[in-house]
Amino acid sequence: VRVQASGINPTDVKTRGGLTPRPIDGFQIPHLDGAGVIDAVGPGVPEERVGQAVWVWMAAFGQRWGTAAQWTVVPGRQAVPLPAGVSPELGASLGVPAMTAHRGLFADGPVDGQAVLVAGGAGAVGHFSVQLANWGHAAQVLATVSGPAKGQLAKEAGAADVINYRDADAAGQIRSAAGGPVDRIIEVALGANLEMDLAVSRPGTVVVGYAAEPTDPVLPVRACMTANIVLRFMLLYRVPAAAMDQAATDVSVALSTGALTLSGLPVHRFALDEIATAQDAVDRGIGGKVLVIPD
């Protein structure tokens, strides 16, 4: 694939810093996500795919050829056709964030008619969680943020109600906006937010944690038992292949209907020779999506 845009995720920065259990052997082209045009195909891949616009996922996982280059080489299933009219920048922003959002939302069944709470609605995973929940016909999509500026971004992404989690009555605001407890929570900071999550849950509410905090939380087992909630932990790199393929399919369907956009997700662009600066920006916690543009 000739790369037109390469997306950076926090895990790319952690791998560079040696913080993931994936040692670098020899050399490693970084970055998992990207978008571009198929330039050549290997055995078993139809020649007709040459020239096809695609978005790429997990390029640097388990192989050397990430997307931070002019070309990347991936298995055919990891180069997904990009619907007509979808920009390479949007395509390169999918991958880890959108597929994490998909797994969090749909691993426990459809969200049709449910109330979904997205913690950290202004981040990349939060952004696509909001949009995929709407695509999945959730009855209500709420998001928590840290302030008005991020609240505006979450609203632009499609959140119907946005609550500042720092407010003393944040749980009450969530229950009021949802008309009661919520059914599914996509959680970016389980330790910091679990007390509030319990306060807005009902028996059977699924709380999905997809990110690790610097300090492991202490789990209030009795409170979780009393609430009768379901805690799901997920790491995209260990999700079964069939679920990853389903996520890629659904993300592409959502793309084709216009359900997934960059509206509300600030994009920061860097040249290929600025890759270290780009990764440092992610490491500092810059909001939105950071892209490296090879040419």
# chains A, B, ... in the order shown; residues from 1 in each chain; ligands from 1

call {"tool": "residues_around", "arguments": {"residues": "stretch 70-76 of chain A", "least_positions_apart": "5", "cutoff": "12 Å", "atoms": "only C-alpha atoms", "output": "ChimeraX atom specification"}}
result
/A:1-6,28-47,49-50,52,54-65,81,245,271-273,292-295

call {"tool": "closest_residue", "arguments": {"among": "A:Pro217, A:Gly17, A:Gly285, A:Gly158", "to": "A:Phe128", "atoms": "only C-alpha atoms"}}
result
A:Gly158

call {"tool": "closest_residue", "arguments": {"among": "A:Ile185, A:Ala68, A:Leu153, A:Met99", "to": "A:Gln140", "atoms": "only C-alpha atoms"}}
result
A:Ile185

call {"tool": "closest_atom_pairs", "arguments": {"of": "stretch 133-196 of chain A", "to": "stretch 105-123 of chain A", "cutoff": "9 Å", "atoms": "only C-alpha atoms", "output": "tab-separated table"}}
result
residue	atom	partner	partner_atom	distance
A:Ala133	CA	A:Val111	CA	6.9
A:Asn134	CA	A:Asp112	CA	8.9
A:Gly136	CA	A:Asp112	CA	5.8
A:His137	CA	A:Asp112	CA	4.7
A:Ala138	CA	A:Asp112	CA	4.6
A:Ala139	CA	A:Gly113	CA	4.3
A:Gln140	CA	A:Ala115	CA	4.6
A:Val141	CA	A:Val116	CA	4.9
A:Leu142	CA	A:Leu117	CA	4.8
A:Ala143	CA	A:Val118	CA	4.6
A:Thr144	CA	A:Ala119	CA	4.9
A:Val145	CA	A:Gly120	CA	5.3
A:Ser146	CA	A:Gly120	CA	7.9
A:Lys150	CA	A:Ala122	CA	5.5
A:Gly151	CA	A:Ala122	CA	7.1
A:Gln152	CA	A:Ala122	CA	8.5
A:Leu153	CA	A:Ala122	CA	5.7
A:Ala154	CA	A:Ala122	CA	5.0
A:Lys155	CA	A:Gly121	CA	8.7
A:Ala157	CA	A:Ala122	CA	8.2
A:Ala159	CA	A:Gly121	CA	8.0
A:Val162	CA	A:Gly121	CA	8.3
A:Tyr165	CA	A:Ala119	CA	8.6
A:Ile174	CA	A:Leu117	CA	8.4
A:Ala178	CA	A:Ala115	CA	6.5
A:Pro181	CA	A:Ala115	CA	7.9
A:Val182	CA	A:Ala115	CA	4.9
A:Asp183	CA	A:Ala115	CA	5.3
A:Arg184	CA	A:Val116	CA	4.9
A:Ile185	CA	A:Leu117	CA	4.7
A:Ile186	CA	A:Val118	CA	4.8
A:Glu187	CA	A:Ala119	CA	5.2
A:Val188	CA	A:Ala119	CA	5.9
A:Ala189	CA	A:Ala119	CA	7.7
A:Asn193	CA	A:Ala119	CA	8.5

call {"tool": "residues_around", "arguments": {"residues": "A:Ala124", "least_positions_apart": "6", "cutoff": "9 Å", "atoms": "only C-alpha atoms", "output": "PyMOL selection string"}}
result
chain A and resi 93-94+97-98+265+287-289

call {"tool": "select_by_dssp", "arguments": {"residues": "stretch 42-230 of chain A", "states": "alpha helix (DSSP H)", "output": "ChimeraX atom specification"}}
result
/A:88-92,95-106,124-135,148-157,170-178,190-199,221-227

call {"tool": "write_last_selection", "arguments": {"atoms": "C-alpha atoms", "output": "compact mmCIF listing (two decimals), in the first residue's frame"}}
result
# COMPACT_ATOMS: atom_id res chain seq x y z
CA PRO A 88 -7.23 9.28 3.50
CA GLU A 89 -7.06 11.37 6.68
CA LEU A 90 -10.32 9.88 7.96
CA GLY A 91 -9.20 6.43 6.84
CA ALA A 92 -5.92 6.76 8.73
CA GLY A 95 -7.93 1.43 12.94
CA VAL A 96 -7.21 1.26 16.66
CA PRO A 97 -9.69 3.97 17.81
CA ALA A 98 -12.68 2.89 15.73
CA MET A 99 -12.13 -0.84 16.20
CA THR A 100 -11.66 -0.37 19.96
CA ALA A 101 -14.90 1.61 20.02
CA HIS A 102 -16.66 -1.12 18.03
CA ARG A 103 -15.52 -3.90 20.36
CA GLY A 104 -16.48 -1.91 23.43
CA LEU A 105 -19.93 -1.14 22.11
CA PHE A 106 -20.92 -4.41 20.49
CA ALA A 124 -10.28 9.46 19.47
CA VAL A 125 -11.84 6.29 20.92
CA GLY A 126 -14.56 8.37 22.55
CA HIS A 127 -15.22 10.17 19.27
CA PHE A 128 -15.80 6.96 17.33
CA SER A 129 -17.71 5.41 20.24
CA VAL A 130 -20.19 8.27 20.06
CA GLN A 131 -20.54 7.96 16.29
CA LEU A 132 -20.77 4.15 16.22
CA ALA A 133 -23.34 4.19 19.04
CA ASN A 134 -25.47 6.53 16.96
CA TRP A 135 -24.92 4.31 13.91
CA PRO A 148 -16.62 23.27 27.76
CA ALA A 149 -14.12 23.12 24.87
CA LYS A 150 -14.02 19.32 24.89
CA GLY A 151 -17.77 19.31 25.42
CA GLN A 152 -18.21 21.15 22.15
CA LEU A 153 -16.06 18.56 20.37
CA ALA A 154 -18.17 15.71 21.77
CA LYS A 155 -21.34 17.45 20.64
CA GLU A 156 -19.89 17.92 17.15
CA ALA A 157 -19.16 14.18 17.10
CA ALA A 170 -22.23 14.67 37.44
CA ALA A 171 -23.92 11.33 38.19
CA GLY A 172 -27.24 13.06 38.76
CA GLN A 173 -26.88 14.97 35.50
CA ILE A 174 -26.20 11.73 33.63
CA ARG A 175 -29.24 9.98 35.10
CA SER A 176 -31.39 13.02 34.38
CA ALA A 177 -30.24 13.25 30.76
CA ALA A 178 -30.67 9.50 30.23
CA LEU A 190 -12.06 2.93 35.27
CA GLY A 191 -10.29 3.71 38.55
CA ALA A 192 -11.14 7.40 38.47
CA ASN A 193 -14.71 6.95 37.29
CA LEU A 194 -15.96 3.65 38.74
CA GLU A 195 -17.82 5.28 41.62
CA MET A 196 -19.73 7.45 39.16
CA ASP A 197 -20.24 4.49 36.82
CA LEU A 198 -21.86 2.52 39.65
CA ALA A 199 -24.08 5.47 40.47
CA VAL A 221 -16.03 -5.87 44.94
CA ARG A 222 -19.06 -5.64 47.21
CA ALA A 223 -20.29 -2.45 45.56
CA CYS A 224 -19.93 -4.07 42.12
CA MET A 225 -21.77 -7.16 43.35
CA THR A 226 -24.56 -5.04 44.80
CA ALA A 227 -24.88 -3.13 41.56

call {"tool": "atom_distance", "arguments": {"atom1": "atom CA of A:Val218", "atom2": "atom CA of A:Thr15"}}
result
26.5 Å

call {"tool": "select_by_dssp", "arguments": {"residues": "stretch 175-276 of chain A", "states": "strand (DSSP E or B)", "output": "PyMOL selection string"}}
result
chain A and resi 184-187+206-209+230-233+267-271

call {"tool": "closest_residue", "arguments": {"among": "A:Leu291, A:Pro240, A:Ile24, A:Gln279", "to": "A:Asp12", "atoms": "only C-alpha atoms"}}
result
A:Gln279

call {"tool": "atom_distance", "arguments": {"atom1": "atom CA of A:Arg22", "atom2": "atom CA of A:Asn9"}}
result
15.4 Å

call {"tool": "atom_distance", "arguments": {"atom1": "atom CA of A:Ala53", "atom2": "atom CA of A:Pro83"}}
result
8.0 Å

call {"tool": "closest_residue", "arguments": {"among": "A:Pro21, A:Pro10, A:Gly85, A:Pro203", "to": "A:Thr261", "atoms": "only C-alpha atoms"}}
result
A:Gly85
